[in-house]
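Participant: Dropping in upload_6.pdb, with PDB, C-alpha atoms.
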```pdb
ATOM      1  CA  MET A   1     128.910  53.016  88.763
ATOM      2  CA  GLN A   2     132.183  51.315  89.706
ATOM      3  CA  VAL A   3     134.172  54.188  88.198
ATOM      4  CA  GLN A   4     132.362  56.680  90.453
ATOM      5  CA  ILE A   5     132.838  54.521  93.548
ATOM      6  CA  ASP A   6     136.526  54.039  92.710
ATOM      7  CA  GLU A   7     136.862  57.844  92.540
ATOM      8  CA  LEU A   8     135.180  58.193  95.949
ATOM      9  CA  HIS A   9     137.613  55.604  97.345
ATOM     10  CA  ARG A  10     140.549  57.520  95.844
ATOM     11  CA  GLN A  11     139.351  60.723  97.559
ATOM     12  CA  LEU A  12     139.122  58.917 100.898
ATOM     13  CA  VAL A  13     142.590  57.392 100.518
ATOM     14  CA  GLU A  14     143.982  60.851  99.774
ATOM     15  CA  HIS A  15     142.142  62.533 102.667
ATOM     16  CA  PHE A  16     143.119  59.859 105.180
ATOM     17  CA  ARG A  17     146.633  59.572 103.740
ATOM     18  CA  GLY A  18     146.306  55.898 102.933
ATOM     19  CA  ARG A  19     145.033  54.891 106.382
ATOM     20  CA  LEU A  20     141.299  54.481 105.953
ATOM     21  CA  PRO A  21     139.415  54.550 109.245
ATOM     22  CA  LYS A  22     136.954  51.985 110.422
ATOM     23  CA  VAL A  23     133.491  53.478 109.980
ATOM     24  CA  GLU A  24     130.123  52.952 111.591
ATOM     25  CA  VAL A  25     126.927  54.467 110.243
ATOM     26  CA  ILE A  26     124.211  54.740 112.861
ATOM     27  CA  ARG A  27     120.650  55.986 112.986
ATOM     28  CA  PHE A  28     119.350  57.312 116.289
ATOM     29  CA  THR A  29     115.992  55.820 117.242
ATOM     30  CA  SER A  30     115.813  57.917 120.431
ATOM     31  CA  PRO A  31     118.244  59.862 122.608
ATOM     32  CA  SER A  32     119.087  56.580 124.369
ATOM     33  CA  THR A  33     119.200  54.031 121.507
ATOM     34  CA  VAL A  34     120.722  53.698 118.041
ATOM     35  CA  ARG A  35     120.231  51.342 115.143
ATOM     36  CA  VAL A  36     123.456  49.773 113.943
ATOM     37  CA  ASP A  37     123.288  48.104 110.554
ATOM     38  CA  GLY A  38     125.002  44.770 110.319
ATOM     39  CA  GLY A  39     126.282  42.595 107.535
ATOM     40  CA  ASP A  40     124.251  42.323 104.360
ATOM     41  CA  SER A  41     122.697  45.786 104.718
ATOM     42  CA  MET A  42     122.858  48.420 101.982
ATOM     43  CA  ILE A  43     125.132  50.527 104.198
ATOM     44  CA  ASP A  44     127.412  47.531 104.718
ATOM     45  CA  HIS A  45     127.620  47.008 100.952
ATOM     46  CA  ALA A  46     128.426  50.698 100.396
ATOM     47  CA  LEU A  47     131.179  50.525 103.019
ATOM     48  CA  GLN A  48     132.587  47.399 101.361
ATOM     49  CA  GLN A  49     132.610  49.105  97.957
ATOM     50  CA  LEU A  50     134.602  51.965  99.527
ATOM     51  CA  HIS A  51     137.007  49.423 101.124
ATOM     52  CA  LEU A  52     135.984  50.554 104.623
ATOM     53  CA  GLN A  53     135.768  48.211 107.592
ATOM     54  CA  PRO A  54     133.025  48.489 110.221
ATOM     55  CA  ALA A  55     133.945  50.144 113.505
ATOM     56  CA  TYR A  56     131.223  48.252 115.391
ATOM     57  CA  PRO A  57     130.875  44.850 113.697
ATOM     58  CA  GLN A  58     127.386  43.379 113.924
ATOM     59  CA  PRO A  59     126.243  40.145 112.315
ATOM     60  CA  ARG A  60     122.848  41.742 111.628
ATOM     61  CA  GLU A  61     120.926  44.947 112.268
ATOM     62  CA  ALA A  62     120.506  45.717 115.969
ATOM     63  CA  VAL A  63     119.192  48.456 118.216
ATOM     64  CA  VAL A  64     121.688  49.097 120.996
ATOM     65  CA  PRO A  65     121.960  51.551 123.875
ATOM     66  CA  VAL A  66     123.879  54.704 122.996
ATOM     67  CA  GLN A  67     126.412  53.814 125.711
ATOM     68  CA  ALA A  68     127.455  50.756 123.664
ATOM     69  CA  LEU A  69     129.026  53.124 121.135
ATOM     70  CA  ALA A  70     131.751  53.913 123.685
ATOM     71  CA  ARG A  71     133.428  50.710 122.466
ATOM     72  CA  ILE A  72     134.296  52.535 119.232
ATOM     73  CA  GLU A  73     137.643  53.901 120.331
ATOM     74  CA  GLU A  74     139.441  54.211 117.001
ATOM     75  CA  GLY A  75     136.729  54.415 114.389
ATOM     76  CA  VAL A  76     134.608  57.123 112.839
ATOM     77  CA  VAL A  77     130.890  57.330 113.552
ATOM     78  CA  LEU A  78     128.516  58.832 111.016
ATOM     79  CA  TYR A  79     124.918  59.432 111.990
ATOM     80  CA  VAL A  80     121.996  59.712 109.622
ATOM     81  CA  GLU A  81     120.105  62.984 109.831
ATOM     82  CA  PRO A  82     117.590  64.097 110.860
ATOM     83  CA  PHE A  83     117.684  63.277 114.556
ATOM     84  CA  ALA A  84     115.165  65.302 116.540
ATOM     85  CA  GLY A  85     116.809  64.575 119.900
ATOM     86  CA  GLN A  86     120.339  65.583 118.945
ATOM     87  CA  ALA A  87     120.421  68.784 121.033
ATOM     88  CA  GLN A  88     119.325  66.834 124.090
ATOM     89  CA  LEU A  89     121.794  63.971 123.619
ATOM     90  CA  PHE A  90     124.775  65.902 122.259
ATOM     91  CA  ALA A  91     124.733  68.238 125.279
ATOM     92  CA  THR A  92     125.238  65.427 127.788
ATOM     93  CA  ARG A  93     128.556  64.804 129.485
ATOM     94  CA  GLU A  94     128.289  61.084 128.615
ATOM     95  CA  TRP A  95     127.981  61.849 124.903
ATOM     96  CA  ARG A  96     130.834  64.337 124.897
ATOM     97  CA  ALA A  97     132.992  61.669 126.604
ATOM     98  CA  MET A  98     132.557  59.200 123.728
ATOM     99  CA  PRO A  99     136.033  58.494 122.264
ATOM    100  CA  PHE A 100     134.992  59.319 118.695
ATOM    101  CA  VAL A 101     133.326  62.587 119.783
ATOM    102  CA  ARG A 102     136.363  63.660 121.804
ATOM    103  CA  ALA A 103     138.634  62.900 118.847
ATOM    104  CA  ASP A 104     136.405  64.776 116.362
ATOM    105  CA  ARG A 105     135.617  61.592 114.406
ATOM    106  CA  PHE A 106     131.857  62.130 114.347
ATOM    107  CA  ALA A 107     129.842  63.605 111.499
ATOM    108  CA  ALA A 108     126.329  63.751 110.080
ATOM    109  CA  MET A 109     125.250  62.381 106.748
ATOM    110  CA  PRO A 110     121.959  62.928 104.970
ATOM    111  CA  ASP A 111     119.266  60.300 104.913
ATOM    112  CA  THR A 112     119.679  58.403 101.654
ATOM    113  CA  TRP A 113     117.148  56.231  99.861
ATOM    114  CA  ALA A 114     118.303  52.647 100.407
ATOM    115  CA  HIS A 115     115.616  50.761  98.504
ATOM    116  CA  GLY A 116     116.800  51.347  94.971
ATOM    117  CA  GLY A 117     119.086  48.392  94.513
ATOM    118  CA  VAL A 118     122.537  48.897  93.121
ATOM    119  CA  PHE A 119     122.053  52.648  92.639
ATOM    120  CA  SER A 120     121.312  53.044  96.341
ATOM    121  CA  ILE A 121     124.752  51.651  97.092
ATOM    122  CA  GLN A 122     126.287  54.428  95.006
ATOM    123  CA  TYR A 123     124.117  57.115  96.671
ATOM    124  CA  LEU A 124     125.055  55.771 100.104
ATOM    125  CA  ALA A 125     128.740  55.637  99.126
ATOM    126  CA  GLU A 126     128.541  59.276  97.993
ATOM    127  CA  ALA A 127     126.864  60.359 101.262
ATOM    128  CA  ILE A 128     129.361  58.404 103.373
ATOM    129  CA  THR A 129     132.279  59.889 101.447
ATOM    130  CA  ARG A 130     130.989  63.469 101.790
ATOM    131  CA  ALA A 131     130.564  62.980 105.546
ATOM    132  CA  LEU A 132     134.040  61.471 105.936
ATOM    133  CA  LEU A 133     135.641  64.245 103.877
ATOM    134  CA  SER A 134     133.986  66.791 106.179
ATOM    135  CA  LEU A 135     136.091  65.523 109.089
ATOM    136  CA  PRO A 136     139.270  67.433 109.894
ATOM    137  CA  ASP A 137     142.602  66.329 108.547
ATOM    138  CA  PRO A 138     143.362  63.205 110.607
ATOM    139  CA  GLU A 139     147.072  64.049 110.791
ATOM    140  CA  LEU A 140     146.457  67.359 112.499
ATOM    141  CA  THR A 141     143.562  67.142 114.928
ATOM    142  CA  VAL A 142     144.182  69.641 117.653
ATOM    143  CA  GLY A 143     141.607  68.978 120.333
ATOM    144  CA  ARG A 144     138.898  71.512 120.938
ATOM    145  CA  ARG A 145     137.622  71.854 124.474
ATOM    146  CA  ASP A 146     135.096  69.047 123.944
ATOM    147  CA  ALA A 147     137.727  66.910 122.236
ATOM    148  CA  CYS A 148     140.324  67.276 124.972
ATOM    149  CA  ASP A 149     141.156  65.355 128.095
ATOM    150  CA  GLU A 150     139.581  66.237 131.404
ATOM    151  CA  ARG A 151     140.503  69.529 133.023
ATOM    152  CA  SER A 152     143.596  69.384 135.134
ATOM    153  CA  PRO A 153     142.429  69.415 138.781
ATOM    154  CA  SER A 154     145.851  70.448 140.125
ATOM    155  CA  ILE A 155     145.931  73.797 138.326
ATOM    156  CA  GLU A 156     143.989  76.764 139.643
ATOM    157  CA  LEU A 157     143.453  78.368 136.246
ATOM    158  CA  PRO A 158     141.047  76.510 133.952
ATOM    159  CA  ALA A 159     143.204  74.226 131.839
ATOM    160  CA  PHE A 160     142.878  71.264 129.547
ATOM    161  CA  ILE A 161     145.224  68.967 127.673
ATOM    162  CA  CYS A 162     145.145  68.720 123.896
ATOM    163  CA  ARG A 163     146.950  66.527 121.427
ATOM    164  CA  ALA A 164     148.088  67.055 117.874
ATOM    165  CA  VAL A 165     149.383  64.329 115.601
ATOM    166  CA  HIS A 166     151.602  65.296 112.711
ATOM    167  CA  GLY A 167     153.716  62.952 110.661
ATOM    168  CA  GLY A 168     153.184  60.136 113.128
ATOM    169  CA  ILE A 169     154.471  62.216 116.055
ATOM    170  CA  THR A 170     152.030  62.938 118.877
ATOM    171  CA  MET A 171     152.458  66.281 120.606
ATOM    172  CA  SER A 172     150.613  67.274 123.776
ATOM    173  CA  CYS A 173     150.051  70.687 125.245
ATOM    174  CA  LEU A 174     148.476  72.089 128.370
ATOM    175  CA  LEU A 175     146.272  75.073 127.601
ATOM    176  CA  TYR A 176     145.375  77.643 130.231
ATOM    177  CA  THR A 177     142.356  79.859 129.777
ATOM    178  CA  SER A 178     140.735  82.639 131.686
ATOM    179  CA  ASP A 179     137.181  82.045 132.880
ATOM    180  CA  ALA A 180     135.843  84.326 130.127
ATOM    181  CA  ALA A 181     137.779  82.548 127.396
ATOM    182  CA  ASP A 182     136.907  79.184 128.914
ATOM    183  CA  ASP A 183     133.198  80.002 128.759
ATOM    184  CA  SER A 184     133.481  80.944 125.080
ATOM    185  CA  LEU A 185     134.866  77.480 124.282
ATOM    186  CA  ARG A 186     131.798  75.665 125.601
TER     187      ARG A 186
END
```
Let's see the structure in the file written out as structure tokens.
Facilitator:
Amino acid sequence: MQVQIDELHRQLVEHFRGRLPKVEVIRFTSPSTVRVDGGDSMIDHALQQLHLQPAYPQPREAVVPVQALARIEEGVVLYVEPFAGQAQLFATREWRAMPFVRADRFAAMPDTWAHGGVFSIQYLAEAITRALLSLPDPELTVGRRDACDERSPSIELPAFICRAVHGGITMSCLLYTSDAADDSLR
């Protein structure tokens, strides 16, 4: 098992170019609350095996308001599927304003059996790794409309600011769109 987990860790190190992100795995309990696993959970053990730090440290499992996730400014958030209310929540302005959503550091992972002891840790580590590897290259994350800063109010044409990071250099650009093109980005 350790050989497989070491390989998963190697893949993450390669994908994130040696700078592993902090990660939080959440499970939505409703469109307004999430369960955050704390220390000594199976998810916590899987994260530890992958050498990943929590993005939202909790001493124990807790159910928190969705708005509390806004404190995760630099980390990645993975949510366990299925979530029946995702269309309702993910369409809200408040959700789209979450730092990890705007930065495209949000991904789904499949529900994984967590009651099988040591083998569950490996299954969770595999699911976490697959979800993290599905995220875009962290060195080149050009913001989509929902991952960009607010529209510029001083410009008559619809516009938004995007950032790209490459080789440690942050570049910004102001994108102008026509109303038709702007609507297609929503």
Participant: Might you spell out which residues the PyMOL selection byres ((chain A and resi 38-44) around 9) would select in the displayed file, as a PDB file with C-alpha atoms, in the coordinates of the input?
Facilitator:
```
ATOM      1  CA  VAL A  25     126.927  54.467 110.243  1.00  0.00           C
ATOM      2  CA  VAL A  36     123.456  49.773 113.943  1.00  0.00           C
ATOM      3  CA  ASP A  37     123.288  48.104 110.554  1.00  0.00           C
ATOM      4  CA  HIS A  45     127.620  47.008 100.952  1.00  0.00           C
ATOM      5  CA  ALA A  46     128.426  50.698 100.396  1.00  0.00           C
ATOM      6  CA  LEU A  47     131.179  50.525 103.019  1.00  0.00           C
ATOM      7  CA  GLN A  48     132.587  47.399 101.361  1.00  0.00           C
ATOM      8  CA  GLN A  49     132.610  49.105  97.957  1.00  0.00           C
ATOM      9  CA  GLN A  53     135.768  48.211 107.592  1.00  0.00           C
ATOM     10  CA  PRO A  54     133.025  48.489 110.221  1.00  0.00           C
ATOM     11  CA  TYR A  56     131.223  48.252 115.391  1.00  0.00           C
ATOM     12  CA  PRO A  57     130.875  44.850 113.697  1.00  0.00           C
ATOM     13  CA  GLN A  58     127.386  43.379 113.924  1.00  0.00           C
ATOM     14  CA  PRO A  59     126.243  40.145 112.315  1.00  0.00           C
ATOM     15  CA  ARG A  60     122.848  41.742 111.628  1.00  0.00           C
ATOM     16  CA  GLU A  61     120.926  44.947 112.268  1.00  0.00           C
ATOM     17  CA  ALA A  62     120.506  45.717 115.969  1.00  0.00           C
ATOM     18  CA  ALA A 114     118.303  52.647 100.407  1.00  0.00           C
ATOM     19  CA  HIS A 115     115.616  50.761  98.504  1.00  0.00           C
ATOM     20  CA  GLY A 117     119.086  48.392  94.513  1.00  0.00           C
ATOM     21  CA  VAL A 118     122.537  48.897  93.121  1.00  0.00           C
ATOM     22  CA  SER A 120     121.312  53.044  96.341  1.00  0.00           C
ATOM     23  CA  ILE A 121     124.752  51.651  97.092  1.00  0.00           C
ATOM     24  CA  LEU A 124     125.055  55.771 100.104  1.00  0.00           C
ATOM     25  CA  ALA A 125     128.740  55.637  99.126  1.00  0.00           C
ATOM     26  CA  ILE A 128     129.361  58.404 103.373  1.00  0.00           C
TER      27      ILE A 128
END
```
Participant: Ranking A:Leu89, A:Ala55, A:Ala131, A:Leu50 by minimum distance to A:Glu74 and counting only C-alpha atoms, which one comes first?
Facilitator: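 Closest to A:Glu74, using only C-alpha atoms: A:Ala55.
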Participant: Which residues are near A:Phe106? Cut-off 8 Å, all atoms listed in the file, ignore same chain within fewer than 5 positions. Put them as a PyMOL selection string.
Facilitator: chain A and resi 76-79+100-101+135
Participant: Between A:Arg96, A:Arg130, A:Arg35, A:Arg102, which residue has the minimum interatomic distance to A:Gln11, considering only C-alpha atoms?
Facilitator: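 Of A:Arg96, A:Arg130, A:Arg35, A:Arg102, the one nearest A:Gln11, counting only C-alpha atoms, is A:Arg130.
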Participant: Work out how far atom CA of A:Val66 is from atom CA of A:Thr92, in Å to one decimal.
Facilitator: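 Interatomic distance here is 11.8 Å.
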Participant: Report the distance between atom CA of A:Val80 and atom CA of A:Ile26 in Å, rounded to one decimal place.
Facilitator: 6.3 Å
Participant: Can you pull out every residue within 12 Å of A:Ser32, counting all atoms listed in the file, but drop anything in the same chain fewer than 3 positions away, and send it as an mmCIF file with C-alpha atoms, keeping the file's coordinate frame?
Facilitator:
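Writing done, so here's selection-v1.cif:
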```cif
data_model
loop_
_atom_site.group_PDB
_atom_site.id
_atom_site.type_symbol
_atom_site.label_atom_id
_atom_site.label_comp_id
_atom_site.auth_asym_id
_atom_site.auth_seq_id
_atom_site.Cartn_x
_atom_site.Cartn_y
_atom_site.Cartn_z
ATOM 1 C CA ARG A 27 120.650 55.986 112.986
ATOM 2 C CA PHE A 28 119.350 57.312 116.289
ATOM 3 C CA THR A 29 115.992 55.820 117.242
ATOM 4 C CA ARG A 35 120.231 51.342 115.143
ATOM 5 C CA VAL A 63 119.192 48.456 118.216
ATOM 6 C CA VAL A 64 121.688 49.097 120.996
ATOM 7 C CA PRO A 65 121.960 51.551 123.875
ATOM 8 C CA VAL A 66 123.879 54.704 122.996
ATOM 9 C CA GLN A 67 126.412 53.814 125.711
ATOM 10 C CA ALA A 68 127.455 50.756 123.664
ATOM 11 C CA LEU A 69 129.026 53.124 121.135
ATOM 12 C CA PHE A 83 117.684 63.277 114.556
ATOM 13 C CA GLY A 85 116.809 64.575 119.900
ATOM 14 C CA GLN A 86 120.339 65.583 118.945
ATOM 15 C CA GLN A 88 119.325 66.834 124.090
ATOM 16 C CA LEU A 89 121.794 63.971 123.619
ATOM 17 C CA PHE A 90 124.775 65.902 122.259
ATOM 18 C CA THR A 92 125.238 65.427 127.788
ATOM 19 C CA GLU A 94 128.289 61.084 128.615
ATOM 20 C CA TRP A 95 127.981 61.849 124.903
#
```
Participant: Just give me the gap between atom CA of A:Phe119 and atom CA of A:Ala84 in Å, one decimal is fine.
Facilitator: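 Between these atoms lies a distance of 27.9 Å.
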Participant: On this structure, which residues satisfy the PyMOL selection byres ((chain A and resi 6-10) around 8), written as a PyMOL selection string?
Facilitator: chain A and resi 2-5+11-14+50-51+125-126+129
Participant: For stretch 4-13 of chain A, I'd like the enclosing box, axis-aligned and padded by 8 Å on every side, reported as AutoDock Vina command-line options with centre and edge lengths in Å to one decimal.
Facilitator:
```
--center_x 137.5 --center_y 57.4 --center_z 95.7 --size_x 26.2 --size_y 22.7 --size_z 26.4
```
Participant: Select, from A:Tyr123, A:Pro82, A:Gly116, A:Ala70, the residue with the minimum atom-to-atom distance to A:Ala97, counting all atoms listed in the file.
Facilitator: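 The answer is A:Ala70, which sits nearest to A:Ala97.
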Participant: Write stretch 61-72 of chain A as a compact mmCIF listing (two decimals), in the coordinates of the input, completed to N, CA, C and O atoms.
Facilitator:
```
# COMPACT_ATOMS: atom_id res chain seq x y z
N GLU A 61 121.42 43.69 111.73
CA GLU A 61 120.93 44.95 112.27
C GLU A 61 120.53 44.77 113.73
O GLU A 61 119.96 43.75 114.11
N ALA A 62 120.85 45.78 114.55
CA ALA A 62 120.51 45.72 115.97
C ALA A 62 120.24 47.12 116.49
O ALA A 62 120.78 48.10 115.98
N VAL A 63 119.39 47.20 117.50
CA VAL A 63 119.19 48.46 118.22
C VAL A 63 119.92 48.29 119.54
O VAL A 63 119.68 47.33 120.28
N VAL A 64 120.85 49.20 119.80
CA VAL A 64 121.69 49.10 121.00
C VAL A 64 121.61 50.39 121.80
O VAL A 64 121.29 51.45 121.24
N PRO A 65 121.92 50.32 123.08
CA PRO A 65 121.96 51.55 123.88
C PRO A 65 123.08 52.46 123.36
O PRO A 65 124.13 51.99 122.91
N VAL A 66 122.87 53.75 123.44
CA VAL A 66 123.88 54.70 123.00
C VAL A 66 125.21 54.44 123.69
O VAL A 66 126.27 54.54 123.08
N GLN A 67 125.18 54.06 124.95
CA GLN A 67 126.41 53.81 125.71
C GLN A 67 127.28 52.73 125.07
O GLN A 67 128.50 52.73 125.25
N ALA A 68 126.69 51.82 124.32
CA ALA A 68 127.46 50.76 123.66
C ALA A 68 128.43 51.33 122.63
O ALA A 68 129.44 50.69 122.32
N LEU A 69 128.14 52.51 122.13
CA LEU A 69 129.03 53.12 121.14
C LEU A 69 130.38 53.51 121.72
O LEU A 69 131.33 53.75 120.98
N ALA A 70 130.48 53.57 123.04
CA ALA A 70 131.75 53.91 123.68
C ALA A 70 132.83 52.90 123.34
O ALA A 70 134.03 53.19 123.49
N ARG A 71 132.44 51.72 122.87
CA ARG A 71 133.43 50.71 122.47
C ARG A 71 134.16 51.10 121.18
O ARG A 71 135.16 50.49 120.84
N ILE A 72 133.64 52.09 120.47
CA ILE A 72 134.30 52.54 119.23
C ILE A 72 135.37 53.55 119.62
O ILE A 72 135.12 54.74 119.70
```
